[in-house]
Every structure is written in structure tokens, then in C-alpha cells.
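Novice: Let me give you the structure first, and then I'll get to my questions.
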Amino acid sequence: MFDNARMLDLIEQALEDDPFCPVCGAPTTIEDDSGRLWLVCSATMKPTTVLGRVSAAVMPHRRRLIVDLSEHVAA
């Protein structure tokens, strides 16, 4: 189980390690996806077209798991 201080440390460390997306240079942010905290590129959205999905696969923007709260695991 994580306490608030440990989670905050993990989030801050992730933002310090990867402040910008290496593909487009946009700032990274933290997003919650069903109890999982991800470091993601702030310029990307979920692709809705076939071309969008292909380009996301070829040049993926930053998306890294930071904390999985559902499993209580640090990535």
C-alpha cells in the first residue's frame, strides 16, 4: 500500500525524469486511468481514425506507467 508521500515522490520523480515528450516536445502530465497513474504527453489524444492509430503505433508519444493503485505496485 502506498502512502500519500510515497505516491507524490513517484509522481514528482516521473515528471522530473521526463518533463517533455521526446516525439513532439510537449510537456508531460499525469493521468488516471482506472486506478493506474500514467505519465503521458499532453499533446496526444486517443486516436479515433485508422490513420491516427497507425501514426500512434509508428511514432508513439510518451506514455509510461507510474503507479498501479489497483495492484498497489510502483512501476
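How things are named: the first chain in the C-alpha cells is A, the next is B, and so on; residues count from 1 in each chain; ligands count from 1 in the order shown.
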Skipping near chain neighbours, those fewer than 6 positions away, what residues fall within 9 Å of Ile11 in chain A using only C-alpha atoms, listed as a PDB file with C-alpha atoms, in the first residue's frame?
Specialist:
ATOM      1  CA  ILE A  30      -0.107  12.618 -15.099  1.00  0.00           C
ATOM      2  CA  LEU A  37      -1.349   6.671 -12.951  1.00  0.00           C
ATOM      3  CA  LEU A  39       2.912   9.823 -17.412  1.00  0.00           C
ATOM      4  CA  ILE A  66       3.954   5.373 -12.812  1.00  0.00           C
ATOM      5  CA  VAL A  67       1.746   3.717 -10.173  1.00  0.00           C
TER       6      VAL A  67
END
Novice: Pick out the residues sitting within 8 Å of Ala26 in chain A, and hand them over as a list of chain:residue names; count only C-alpha atoms, and ignore anything fewer than 6 positions along from it in its own chain.
Specialist: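 That gives A:Phe20, A:Cys41, A:Ser42, A:Ala43.
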Novice: Just the selected residues (N, CA, C and O atoms), exported as a PDB file, in the first residue's frame, please.
Specialist:
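Heads up, here's the output in part.pdb:
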ATOM      1  N   PHE A  20       9.276  16.460 -20.835  1.00  0.00           N
ATOM      2  CA  PHE A  20       8.762  16.713 -22.179  1.00  0.00           C
ATOM      3  C   PHE A  20       8.714  15.424 -22.988  1.00  0.00           C
ATOM      4  O   PHE A  20       9.534  14.528 -22.800  1.00  0.00           O
ATOM      5  N   CYS A  41       2.088  12.283 -22.738  1.00  0.00           N
ATOM      6  CA  CYS A  41       2.293  13.513 -23.498  1.00  0.00           C
ATOM      7  C   CYS A  41       0.989  14.312 -23.463  1.00  0.00           C
ATOM      8  O   CYS A  41      -0.085  13.769 -23.739  1.00  0.00           O
ATOM      9  N   SER A  42       1.092  15.591 -23.164  1.00  0.00           N
ATOM     10  CA  SER A  42      -0.117  16.415 -23.053  1.00  0.00           C
ATOM     11  C   SER A  42      -0.720  16.752 -24.409  1.00  0.00           C
ATOM     12  O   SER A  42      -1.866  17.190 -24.487  1.00  0.00           O
ATOM     13  N   ALA A  43       0.016  16.544 -25.490  1.00  0.00           N
ATOM     14  CA  ALA A  43      -0.474  16.897 -26.826  1.00  0.00           C
ATOM     15  C   ALA A  43      -1.223  15.756 -27.505  1.00  0.00           C
ATOM     16  O   ALA A  43      -1.822  15.961 -28.553  1.00  0.00           O
TER      17      ALA A  43
END
Novice: Show me, as a PDB file with N, CA and C atoms, in the first residue's frame, the residues that have an atom within 10 Å of Asp18 in chain A when counting only C-alpha atoms, minus same-chain residues fewer than 5 positions from it.
Specialist:
ATOM      1  N   GLN A  13       9.107  12.462  -9.296  1.00  0.00           N
ATOM      2  CA  GLN A  13      10.287  11.888  -9.945  1.00  0.00           C
ATOM      3  C   GLN A  13      10.026  11.617 -11.424  1.00  0.00           C
ATOM      4  N   PRO A  27       4.827  19.255 -23.040  1.00  0.00           N
ATOM      5  CA  PRO A  27       5.001  18.854 -21.638  1.00  0.00           C
ATOM      6  C   PRO A  27       4.252  17.557 -21.330  1.00  0.00           C
ATOM      7  N   THR A  28       4.774  16.800 -20.386  1.00  0.00           N
ATOM      8  CA  THR A  28       4.092  15.584 -19.957  1.00  0.00           C
ATOM      9  C   THR A  28       3.201  15.899 -18.759  1.00  0.00           C
ATOM     10  N   THR A  29       2.176  15.094 -18.584  1.00  0.00           N
ATOM     11  CA  THR A  29       1.242  15.241 -17.468  1.00  0.00           C
ATOM     12  C   THR A  29       0.960  13.865 -16.875  1.00  0.00           C
ATOM     13  N   LEU A  39       2.256   8.624 -16.922  1.00  0.00           N
ATOM     14  CA  LEU A  39       2.912   9.823 -17.412  1.00  0.00           C
ATOM     15  C   LEU A  39       2.662   9.846 -18.915  1.00  0.00           C
ATOM     16  N   VAL A  40       1.994  10.887 -19.405  1.00  0.00           N
ATOM     17  CA  VAL A  40       1.607  10.935 -20.820  1.00  0.00           C
ATOM     18  C   VAL A  40       1.960  12.281 -21.435  1.00  0.00           C
ATOM     19  N   CYS A  41       2.088  12.283 -22.738  1.00  0.00           N
ATOM     20  CA  CYS A  41       2.293  13.513 -23.498  1.00  0.00           C
ATOM     21  C   CYS A  41       0.989  14.312 -23.463  1.00  0.00           C
ATOM     22  N   ARG A  62       5.030   9.882 -25.502  1.00  0.00           N
ATOM     23  CA  ARG A  62       5.358   9.376 -24.164  1.00  0.00           C
ATOM     24  C   ARG A  62       4.107   8.857 -23.461  1.00  0.00           C
ATOM     25  N   ARG A  64       3.956   6.265 -19.966  1.00  0.00           N
ATOM     26  CA  ARG A  64       4.674   5.368 -19.071  1.00  0.00           C
ATOM     27  C   ARG A  64       3.889   5.216 -17.777  1.00  0.00           C
TER      28      ARG A  64
END
Novice: Could you tell me how far CA of Thr44 in chain A sits from CA of Leu69 in chain A, in Å to one decimal place?
Specialist: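 CA of Thr44 in chain A lies 23.4 Å from CA of Leu69 in chain A.
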